[in-house]
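Peer 1: File query.csv follows (CSV, C-alpha atoms):
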chain,number,residue,atom,x,y,z
A,697,MET,CA,8.7,8.8,0.5
A,698,THR,CA,6.0,7.3,-1.6
A,699,GLN,CA,6.3,5.2,-4.8
A,700,PHE,CA,5.0,6.5,-8.1
A,701,ILE,CA,5.4,5.5,-11.7
A,702,THR,CA,6.1,8.1,-14.4
A,703,ILE,CA,3.8,8.2,-17.4
A,704,PRO,CA,3.6,10.4,-20.5
A,705,GLU,CA,1.6,13.6,-20.3
A,706,SER,CA,-0.7,12.6,-23.1
A,707,PHE,CA,-1.6,9.3,-21.3
A,708,ALA,CA,-2.1,11.1,-18.0
A,709,THR,CA,-4.4,13.8,-19.4
A,710,THR,CA,-6.5,11.4,-21.5
A,711,THR,CA,-6.8,8.8,-18.8
A,712,ASN,CA,-7.4,11.0,-15.9
A,713,GLY,CA,-10.9,10.5,-14.5
A,714,LYS,CA,-11.5,7.1,-16.3
A,715,GLN,CA,-13.4,4.7,-14.1
A,716,ILE,CA,-13.4,0.9,-14.0
A,717,GLY,CA,-15.7,-0.5,-11.4
A,718,PRO,CA,-15.0,1.4,-8.1
A,719,ASN,CA,-11.6,2.7,-9.2
A,720,VAL,CA,-10.9,6.1,-10.8
A,721,PHE,CA,-7.6,6.8,-12.5
A,722,SER,CA,-5.8,9.8,-11.2
A,723,ALA,CA,-2.4,11.2,-12.3
A,724,VAL,CA,-0.7,14.2,-10.9
A,725,GLN,CA,2.1,16.5,-12.1
A,726,THR,CA,5.2,17.1,-10.0
A,727,ILE,CA,6.8,20.5,-9.6
A,728,SER,CA,9.4,19.5,-12.1
A,729,GLY,CA,6.8,18.8,-14.7
A,730,ASN,CA,6.7,15.0,-14.7
A,731,TRP,CA,3.3,13.2,-14.7
A,732,VAL,CA,3.1,10.3,-12.2
A,733,THR,CA,0.5,7.9,-10.8
A,734,SER,CA,0.3,5.1,-8.3
A,735,PRO,CA,2.0,1.8,-9.3
A,736,ASN,CA,-1.3,0.2,-8.3
A,737,ALA,CA,-3.0,1.8,-11.3
A,738,MET,CA,-1.3,-0.8,-13.6
A,739,ALA,CA,-3.4,-3.6,-12.1
A,740,GLU,CA,-6.6,-1.5,-12.0
A,741,PHE,CA,-6.3,-0.3,-15.6
A,742,PRO,CA,-4.6,-3.2,-17.3
A,743,ASP,CA,-5.8,-2.5,-20.9
A,744,ASP,CA,-4.7,1.1,-20.8
A,745,PHE,CA,-1.2,0.2,-19.6
A,746,ALA,CA,-1.0,-2.6,-22.1
A,747,ALA,CA,-1.7,-0.2,-24.9
A,748,LEU,CA,0.8,2.3,-23.4
A,749,GLN,CA,3.5,-0.4,-23.3
A,750,GLN,CA,3.0,-1.1,-27.0
A,751,THR,CA,4.2,2.5,-27.6
A,752,GLY,CA,7.5,1.5,-26.0
A,753,TRP,CA,6.8,2.9,-22.5
A,754,GLU,CA,8.3,1.0,-19.7
A,755,SER,CA,7.3,1.2,-16.0
A,756,VAL,CA,9.8,3.0,-13.8
A,757,VAL,CA,9.1,3.3,-10.1
A,758,ILE,CA,10.3,6.5,-8.4
A,759,GLY,CA,10.1,7.7,-4.8
A,760,LEU,CA,8.6,11.2,-4.2
A,761,ASP,CA,7.8,13.3,-1.2
A,762,ARG,CA,4.8,15.6,-0.8
A,763,THR,CA,7.2,18.5,-1.3
A,764,ASP,CA,7.8,17.3,-4.8
A,765,PHE,CA,4.2,18.4,-5.7
A,766,PRO,CA,2.7,21.9,-5.9
A,767,GLN,CA,1.2,23.2,-2.6
A,768,GLU,CA,-2.5,23.3,-2.5
A,769,VAL,CA,-3.9,26.8,-2.5
A,770,ASP,CA,-7.0,26.6,-0.4
A,771,ILE,CA,-9.1,28.8,1.8
A,772,GLU,CA,-8.2,28.8,5.5
A,773,LEU,CA,-10.0,26.2,7.5
B,233,MET,CA,-27.8,-30.5,5.3
B,234,LEU,CA,-28.1,-26.9,4.0
B,235,THR,CA,-28.3,-25.7,7.6
B,236,LEU,CA,-25.2,-27.6,8.4
B,237,LEU,CA,-23.3,-26.2,5.4
B,238,LEU,CA,-24.3,-22.6,6.3
B,239,ALA,CA,-23.4,-23.1,9.9
B,240,GLY,CA,-20.0,-24.4,8.9
B,241,ARG,CA,-19.4,-21.4,6.6
B,242,PHE,CA,-20.7,-18.6,8.8
B,243,GLY,CA,-20.6,-20.0,12.3
B,244,GLU,CA,-23.6,-20.5,14.5
B,245,SER,CA,-25.5,-17.3,14.0
B,246,ILE,CA,-24.7,-14.9,11.3
B,247,ASP,CA,-26.6,-11.6,11.5
B,248,PRO,CA,-28.9,-11.3,8.5
B,249,ASP,CA,-27.5,-7.8,7.5
B,250,ALA,CA,-23.9,-9.1,7.9
B,251,ARG,CA,-25.0,-11.9,5.5
B,252,LEU,CA,-26.2,-9.4,3.0
B,253,LEU,CA,-22.8,-7.7,3.0
B,254,ILE,CA,-20.9,-10.9,2.7
B,255,ASP,CA,-23.2,-12.0,-0.2
B,256,ALA,CA,-22.6,-8.6,-1.9
B,257,VAL,CA,-18.8,-8.9,-1.5
B,258,GLU,CA,-18.7,-12.4,-2.8
B,259,GLY,CA,-21.2,-11.7,-5.5
B,260,GLY,CA,-18.8,-9.1,-6.8
B,261,GLY,CA,-16.1,-11.6,-7.2
B,262,ASP,CA,-14.1,-11.2,-4.0
B,263,ILE,CA,-13.7,-14.0,-1.3
B,264,THR,CA,-14.1,-13.4,2.4
B,265,THR,CA,-12.2,-15.5,4.9
B,266,PRO,CA,-13.7,-17.1,8.0
B,267,LEU,CA,-11.9,-14.5,10.2
B,268,GLN,CA,-13.2,-11.6,8.1
B,269,ARG,CA,-16.8,-13.0,8.3
B,270,LYS,CA,-16.3,-13.3,12.1
B,271,LYS,CA,-15.2,-9.7,12.3
B,272,ILE,CA,-18.1,-8.5,10.2
B,273,ASN,CA,-20.6,-10.5,12.2
B,274,ALA,CA,-19.2,-9.1,15.5
B,275,VAL,CA,-19.6,-5.5,14.3
B,276,PHE,CA,-23.2,-6.0,13.2
B,277,ARG,CA,-24.2,-7.9,16.3
B,278,GLY,CA,-22.5,-5.4,18.6
B,279,LEU,CA,-24.0,-2.4,17.0
B,280,LYS,CA,-27.5,-3.9,17.1
B,281,SER,CA,-27.1,-5.1,20.6
B,282,ALA,CA,-26.1,-1.6,21.7
B,283,GLY,CA,-28.9,0.1,19.8
B,284,LEU,CA,-26.5,2.0,17.5
B,285,TYR,CA,-27.1,0.2,14.2
B,286,ASP,CA,-29.9,2.5,13.2
B,287,LYS,CA,-27.7,5.5,13.6
B,288,ILE,CA,-25.3,4.3,11.0
B,289,ARG,CA,-26.0,5.6,7.5
B,290,ALA,CA,-22.7,4.4,5.9
B,291,MET,CA,-20.0,2.1,7.3
B,292,TYR,CA,-16.8,0.9,5.6
B,293,LEU,CA,-15.2,-2.1,7.2
B,294,PHE,CA,-11.8,-2.0,5.5
B,295,PHE,CA,-10.3,-4.1,8.3
B,296,ALA,CA,-12.7,-7.0,7.7
B,297,LEU,CA,-13.1,-6.9,3.9
B,298,PRO,CA,-10.9,-8.3,1.0
B,299,ALA,CA,-8.0,-6.1,0.2
B,300,THR,CA,-9.2,-4.8,-3.1
B,301,GLY,CA,-11.2,-1.8,-4.3
B,302,THR,CA,-14.0,-4.0,-5.5
B,303,GLY,CA,-14.1,-5.9,-2.2
B,304,ARG,CA,-14.1,-2.7,-0.1
B,305,ARG,CA,-16.4,-0.5,-2.1
B,306,TRP,CA,-19.5,-1.5,-0.1
B,307,ASN,CA,-21.5,0.5,2.3
B,308,SER,CA,-21.9,-2.3,4.9
B,309,VAL,CA,-25.4,-1.2,6.0
B,310,ASP,CA,-26.7,-0.8,2.4
B,311,PRO,CA,-24.6,-3.1,0.2
B,312,ARG,CA,-26.2,-2.2,-3.1
B,313,ASP,CA,-23.9,-1.5,-6.0
B,314,LEU,CA,-25.1,2.0,-6.4
B,315,ASP,CA,-23.7,5.5,-5.6
B,316,ALA,CA,-27.1,6.2,-4.1
B,317,ALA,CA,-26.3,3.5,-1.5
B,318,TYR,CA,-23.2,5.4,-0.6
B,319,ARG,CA,-20.9,2.9,-2.3
B,320,LEU,CA,-17.3,4.0,-2.4
B,321,THR,CA,-15.4,5.2,-5.4
B,322,PHE,CA,-11.6,5.0,-4.9
B,323,VAL,CA,-9.6,7.7,-6.7
B,324,GLY,CA,-5.9,7.5,-7.5
B,325,SER,CA,-5.4,3.7,-6.8
B,326,PRO,CA,-4.7,3.7,-3.1
B,327,THR,CA,-2.9,0.7,-1.6
B,328,HIS,CA,-5.2,-2.0,0.0
B,329,SER,CA,-3.4,-3.9,2.8
B,330,SER,CA,-5.0,-6.6,4.8
B,331,ASP,CA,-6.3,-4.3,7.5
B,332,ALA,CA,-6.5,-0.8,6.0
B,333,VAL,CA,-6.5,1.4,3.0
B,334,ALA,CA,-3.3,3.5,2.7
B,335,TRP,CA,-3.5,6.9,1.0
B,336,ASN,CA,-0.4,8.5,-0.5
B,337,GLY,CA,-1.2,12.0,0.8
B,338,VAL,CA,-1.0,13.4,-2.7
B,339,ASN,CA,-4.0,12.4,-4.8
B,340,GLN,CA,-5.7,9.4,-3.3
B,341,TYR,CA,-9.0,9.3,-1.5
B,342,ALA,CA,-12.5,7.7,-1.5
B,343,ASN,CA,-15.8,9.4,-2.4
B,344,THR,CA,-18.7,8.1,-0.2
B,345,HIS,CA,-21.3,9.8,-2.4
B,346,ALA,CA,-23.0,10.5,1.0
B,347,PRO,CA,-24.2,14.1,1.1
B,348,ALA,CA,-23.7,15.9,4.3
B,349,ASN,CA,-27.3,17.1,4.2
B,350,ALA,CA,-28.9,13.7,3.6
B,351,ALA,CA,-26.7,11.2,5.3
B,352,MET,CA,-26.5,13.3,8.5
B,353,GLU,CA,-28.8,15.8,10.2
B,354,GLN,CA,-28.0,19.4,11.3
B,355,ASN,CA,-28.2,18.5,15.0
B,356,SER,CA,-27.5,14.8,14.9
B,357,ALA,CA,-24.4,13.7,13.0
B,358,HIS,CA,-21.2,11.6,13.4
B,359,MET,CA,-18.2,10.7,11.3
B,360,ALA,CA,-15.7,8.1,12.4
B,361,TYR,CA,-12.2,7.2,11.1
B,362,TYR,CA,-9.8,4.7,12.4
B,363,SER,CA,-6.2,5.8,11.7
B,364,THR,CA,-3.6,3.1,11.9
B,365,SER,CA,-0.7,5.5,12.0
B,366,GLU,CA,0.5,8.2,14.3
B,367,SER,CA,2.7,9.8,11.7
B,368,VAL,CA,2.4,13.5,11.6
B,369,GLY,CA,2.5,15.3,8.2
B,370,GLY,CA,1.1,18.7,7.6
B,371,GLN,CA,-2.4,19.8,7.3
B,372,TRP,CA,-3.9,16.4,6.8
B,373,VAL,CA,-7.6,15.9,7.0
B,374,GLU,CA,-8.9,12.3,7.5
B,375,MET,CA,-12.4,12.8,6.2
B,376,GLY,CA,-15.1,15.5,5.8
B,377,TRP,CA,-16.4,18.3,3.7
B,378,ASN,CA,-16.1,22.1,3.6
B,379,ASN,CA,-18.0,24.5,1.4
B,380,GLY,CA,-15.8,27.3,2.4
B,381,ALA,CA,-18.6,29.5,3.6
B,382,ASN,CA,-21.0,28.0,6.2
B,383,SER,CA,-21.0,24.2,6.3
B,384,ARG,CA,-18.1,22.1,7.4
B,385,GLY,CA,-17.3,18.8,9.1
B,386,PHE,CA,-13.8,17.5,9.8
B,387,ILE,CA,-11.8,14.8,11.4
B,388,CYS,CA,-8.5,16.4,11.7
B,389,PRO,CA,-6.7,15.6,14.9
B,390,ASN,CA,-3.3,16.8,13.9
B,391,TRP,CA,-3.4,19.7,11.4
B,392,SER,CA,0.0,21.0,12.5
B,393,ALA,CA,2.4,20.9,15.4
B,394,ASN,CA,0.1,22.7,17.8
B,395,ARG,CA,-3.3,22.7,16.1
B,396,ALA,CA,-6.2,20.4,15.3
B,397,GLU,CA,-9.5,21.2,13.5
B,398,VAL,CA,-12.7,20.1,15.2
B,399,GLY,CA,-16.3,20.3,14.3
B,400,ILE,CA,-19.2,18.7,12.5
B,401,GLN,CA,-22.2,20.5,11.0
B,402,GLU,CA,-20.6,23.8,11.8
B,403,PRO,CA,-20.1,27.0,9.9
B,404,VAL,CA,-16.4,27.2,11.0
B,405,ALA,CA,-13.9,24.8,12.2
B,406,THR,CA,-12.7,25.2,15.8
B,407,LYS,CA,-9.0,25.3,16.2
B,408,THR,CA,-7.7,23.3,19.2
B,409,VAL,CA,-4.5,21.6,20.4
B,410,ASN,CA,-3.3,18.7,18.3
B,411,ILE,CA,-3.5,15.2,19.5
B,412,ASN,CA,-2.0,11.8,18.7
B,413,PRO,CA,-3.6,10.9,15.3
B,414,GLU,CA,-3.6,7.1,15.7
B,415,GLY,CA,-6.8,5.4,16.8
B,416,LEU,CA,-10.5,5.5,16.3
B,417,PHE,CA,-11.7,9.1,16.0
B,418,VAL,CA,-15.4,10.0,16.2
B,419,ALA,CA,-16.7,13.5,15.5
B,420,SER,CA,-20.2,13.8,16.9
B,421,ARG,CA,-23.0,16.3,17.4
B,422,ILE,CA,-26.2,15.5,19.2
B,423,ASP,CA,-27.7,19.0,19.5
B,424,SER,CA,-27.4,22.6,18.2
B,425,SER,CA,-24.9,23.8,20.8
B,426,GLY,CA,-21.6,22.1,20.1
B,427,SER,CA,-19.8,19.0,19.0
B,428,ASN,CA,-17.1,16.6,20.3
B,429,LEU,CA,-14.1,14.8,18.9
B,430,SER,CA,-13.3,11.5,20.6
B,431,ARG,CA,-10.2,9.3,20.4
B,432,ASN,CA,-10.6,5.7,21.3
B,433,GLY,CA,-13.9,6.3,23.0
B,434,ILE,CA,-12.8,9.3,25.1
B,435,VAL,CA,-13.7,12.9,24.3
B,436,VAL,CA,-10.5,14.8,23.6
B,437,GLN,CA,-11.8,18.0,22.1
B,438,SER,CA,-15.0,19.9,22.2
B,439,THR,CA,-16.6,22.9,20.5
B,440,ASN,CA,-19.4,25.2,21.6
B,441,THR,CA,-20.2,26.3,18.1
B,442,ALA,CA,-23.8,26.4,17.1
B,443,SER,CA,-24.8,24.1,14.2
B,444,ALA,CA,-25.3,25.3,10.7
B,445,ALA,CA,-27.6,23.9,8.0
B,446,PRO,CA,-25.6,21.3,6.0
B,447,VAL,CA,-25.1,21.3,2.3
B,448,SER,CA,-25.1,18.7,-0.3
B,449,PHE,CA,-21.3,18.1,-0.5
B,450,GLY,CA,-20.5,14.4,-0.4
B,451,VAL,CA,-18.2,13.3,2.4
B,452,PHE,CA,-14.7,12.3,1.2
B,453,ILE,CA,-12.4,9.8,3.1
B,454,GLY,CA,-8.7,10.4,2.9
B,455,CYS,CA,-9.1,14.2,2.5
B,456,TYR,CA,-12.0,16.6,2.6
B,457,ASN,CA,-14.4,17.6,-0.2
B,458,GLY,CA,-14.3,21.3,-1.0
B,459,LEU,CA,-11.0,22.7,-2.3
B,460,GLY,CA,-11.7,26.4,-2.7
B,461,GLY,CA,-15.2,25.7,-1.6
B,462,ALA,CA,-16.0,23.7,-4.7
B,463,ASN,CA,-18.1,20.6,-4.4
B,464,GLY,CA,-16.2,17.5,-5.8
B,465,SER,CA,-12.8,19.0,-5.3
B,466,PRO,CA,-10.5,17.1,-2.9
B,467,ALA,CA,-8.2,18.9,-0.5
B,468,ARG,CA,-5.8,18.3,2.3
B,469,TYR,CA,-5.0,14.7,1.6
B,470,THR,CA,-3.9,12.5,4.5
B,471,ALA,CA,-1.3,9.8,4.5
B,472,ARG,CA,-2.6,8.1,7.6
B,473,PRO,CA,-4.2,4.8,6.5
B,474,CYS,CA,-7.9,4.1,7.3
B,475,ALA,CA,-9.0,0.8,8.8
B,476,PHE,CA,-12.6,1.8,9.3
B,477,ALA,CA,-14.9,4.7,8.6
B,478,SER,CA,-18.5,5.5,9.2
B,479,LEU,CA,-21.0,8.4,9.2
B,480,GLY,CA,-24.6,8.9,10.2
B,481,LEU,CA,-26.5,10.3,13.2
B,482,GLY,CA,-24.9,11.6,16.3
B,483,PHE,CA,-23.6,9.6,19.3
B,484,THR,CA,-23.7,10.6,22.9
B,485,GLU,CA,-20.4,10.3,24.8
B,486,ALA,CA,-21.6,7.0,26.3
B,487,GLU,CA,-22.6,5.7,22.9
B,488,THR,CA,-19.3,6.8,21.5
B,489,ALA,CA,-17.5,4.8,24.1
B,490,VAL,CA,-19.6,1.7,23.3
B,491,PHE,CA,-19.1,2.2,19.6
B,492,ASN,CA,-15.4,2.4,20.1
B,493,THR,CA,-15.4,-0.9,22.1
B,494,ILE,CA,-17.4,-2.7,19.4
B,495,ILE,CA,-15.2,-1.6,16.6
B,496,GLN,CA,-11.9,-2.2,18.4
B,497,ASN,CA,-13.0,-5.6,19.7
B,498,ALA,CA,-13.9,-6.7,16.2
B,499,MET,CA,-10.6,-5.5,14.9
B,500,SER,CA,-8.7,-7.5,17.5
B,501,LEU,CA,-10.4,-10.8,16.7
Please render this file's structure as structure tokens.
Peer 2:
Amino acid sequence: MTQFITIPESFATTTNGKQIGPNVFSAVQTISGNWVTSPNAMAEFPDDFAALQQTGWESVVIGLDRTDFPQEVDIEL
Amino acid sequence: MLTLLLAGRFGESIDPDARLLIDAVEGGGDITTPLQRKKINAVFRGLKSAGLYDKIRAMYLFFALPATGTGRRWNSVDPRDLDAAYRLTFVGSPTHSSDAVAWNGVNQYANTHAPANAAMEQNSAHMAYYSTSESVGGQWVEMGWNNGANSRGFICPNWSANRAEVGIQEPVATKTVNINPEGLFVASRIDSSGSNLSRNGIVVQSTNTASAAPVSFGVFIGCYNGLGGANGSPARYTARPCAFASLGLGFTEAETAVFNTIIQNAMSL
């Protein structure tokens, strides 16, 4: 089980791919439709999360397994 | 006085290229400890003494660098702050512990920006990954690329319960028996006729697949580059942490054993 934080979809889609120094923001959607990202992102993208907190968002850490995410559909190795 | 100060900071004989790396790390705002500097120096001195240094095109000393993305972005053999120097980009905010980078197995990886057709050669290539975990997931790939057609390279010692994927600079991956995924893995090719996968300096899997012309896909660490055959698309994320990674020209079996000793000795300092 891995820790994630839930974030609003609008924040996830607008921030995905943003780069500060060597760090690139990445959010991913669970099978149930929630958008999540690593708790470490709050330290790497402090201004973005400060702005998000001003909208009333609060950080909630949840534990998820890989099975909580859609299976990759890829070519056979 | 200056000599005494430098000697006190770096020990008696810091390798000049190790010094460049340390200066880059600290110039970027991160601080190295005396033990980290000792480990860095041991790697550089060991590789040069063994004649392996010039085969390294990119090397990522996570076990010896500050536990931050900024501190660990550097290609140790070319510590310029440029993608063209194969500097890392960390995607998805992985966790930096004191001795490794831990991926979540879902959306975290590092892009080396090192193209498979520039950082390696068709008949001389290696990739190395030190996994600090023997946990077994499902279809995890430690590093590599895959254009889905005719150019692949993997470190994948434990794809599933009875299968591994082996090969570098090959048109297809060779399916072999899985192995314990903890330790220093080196995939290496030194000619057109086949490649080896070594674990802790010992060859554990081999292929007899002829080499294929590499493509410009960059090598990813923590997954492979090429979901659906698309360059820039990560696939098959691993959750086994990485303490060290490198890529470059191929190692013989004897060189692989020496390389393993150098890296593991430095890690154990």
Peer 1: Of the residues B:Asp255, B:Asp286, B:Asp315, B:Glu374, which is the one nearest to Gly303 in chain B, using all atoms listed in the file?
Peer 2: B:Asp255
Peer 1: Considering all atoms listed in the file, can you say which of A:Thr709, A:Asn730, A:Asn736, A:Gln725 comes closest to chain B?
Peer 2: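 That would be A:Asn736, the residue with the smallest distance to chain B.
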Peer 1: Residues of chain A that have any atom at most 8 Å from an atom of chain B: could you tabulate them with the shortest-distance atom pair and the distance in Å to one decimal, using all atoms listed in the file, ordered by chain and increasing number, as a Markdown table?
Peer 2:
| residue | atom | partner | partner_atom | distance |
| --- | --- | --- | --- | --- |
| A:Thr698 | CA | B:Asn336 | CA | 6.6 |
| A:Gly717 | CA | B:Thr302 | CA | 7.1 |
| A:Pro718 | CA | B:Thr321 | CA | 4.7 |
| A:Asn719 | CA | B:Phe322 | CA | 4.9 |
| A:Val720 | CA | B:Val323 | CA | 4.6 |
| A:Phe721 | CA | B:Gly324 | CA | 5.3 |
| A:Ser722 | CA | B:Gly324 | CA | 4.4 |
| A:Ala723 | CA | B:Gly324 | CA | 7.0 |
| A:Val724 | CA | B:Asn339 | CA | 7.2 |
| A:Thr733 | CA | B:Gly324 | CA | 7.2 |
| A:Ser734 | CA | B:Ser325 | CA | 6.1 |
| A:Asn736 | CA | B:Ser325 | CA | 5.6 |
| A:Ala737 | CA | B:Ser325 | CA | 5.4 |
| A:Glu740 | CA | B:Ser325 | CA | 7.5 |
| A:Arg762 | CA | B:Val338 | CA | 6.5 |
| A:Phe765 | CA | B:Val338 | CA | 7.8 |
| A:Glu768 | CA | B:Ala467 | CA | 7.5 |
| A:Val769 | CA | B:Gly460 | CA | 7.8 |
| A:Asp770 | CA | B:Gly460 | CA | 5.2 |
| A:Ile771 | CA | B:Gly460 | CA | 5.7 |
| A:Leu773 | CA | B:Ala405 | CA | 6.3 |
Peer 1: With 7 Å as the threshold, what does the neighbourhood of (-19.6, 24.6, 23.1) contain in terms of residues, counting all atoms listed in the file? Coordinates are those of the file; answer as a JSON list (two decimals) with C-alpha atoms, in the frame of the given file.
Peer 2:
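The resulting out_15.json:
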[["chain", "number", "residue", "atom", "x", "y", "z"],
["B", 425, "SER", "CA", -24.90, 23.80, 20.80],
["B", 426, "GLY", "CA", -21.60, 22.10, 20.10],
["B", 427, "SER", "CA", -19.80, 19.00, 19.00],
["B", 438, "SER", "CA", -15.00, 19.90, 22.20],
["B", 439, "THR", "CA", -16.60, 22.90, 20.50],
["B", 440, "ASN", "CA", -19.40, 25.20, 21.60],
["B", 441, "THR", "CA", -20.20, 26.30, 18.10]]
Peer 1: Have a look at B:Ser478, B:Ser367, B:Thr484, B:Thr265 and name the one nearest to Ala346 in chain B; count only C-alpha atoms.
Peer 2: B:Ser478
Peer 1: Quick one, how far is CA of Pro347 in chain B from CA of Arg251 in chain B?
Peer 2: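 Interatomic distance, CA of Pro347 in chain B to CA of Arg251 in chain B: 26.4 Å.
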Peer 1: Quick one: distance from CA of Val275 in chain B to CA of Leu293 in chain B in Å, one decimal?
Peer 2: 9.0 Å
Peer 1: Looking at all atoms listed in the file, which of B:Ile495, B:Thr470, B:Ile263, B:Leu252 is the one that sits closest to Asp310 in chain B?
Peer 2: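 For Asp310 in chain B, the nearest of the given residues is B:Leu252.
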Peer 1: Check the smallest atom-to-atom distance from each of B:Cys388, B:Ala475, B:Ile400, B:Leu481 to Ala498 in chain B using all atoms listed in the file, then report the winner.
Peer 2: B:Ala475
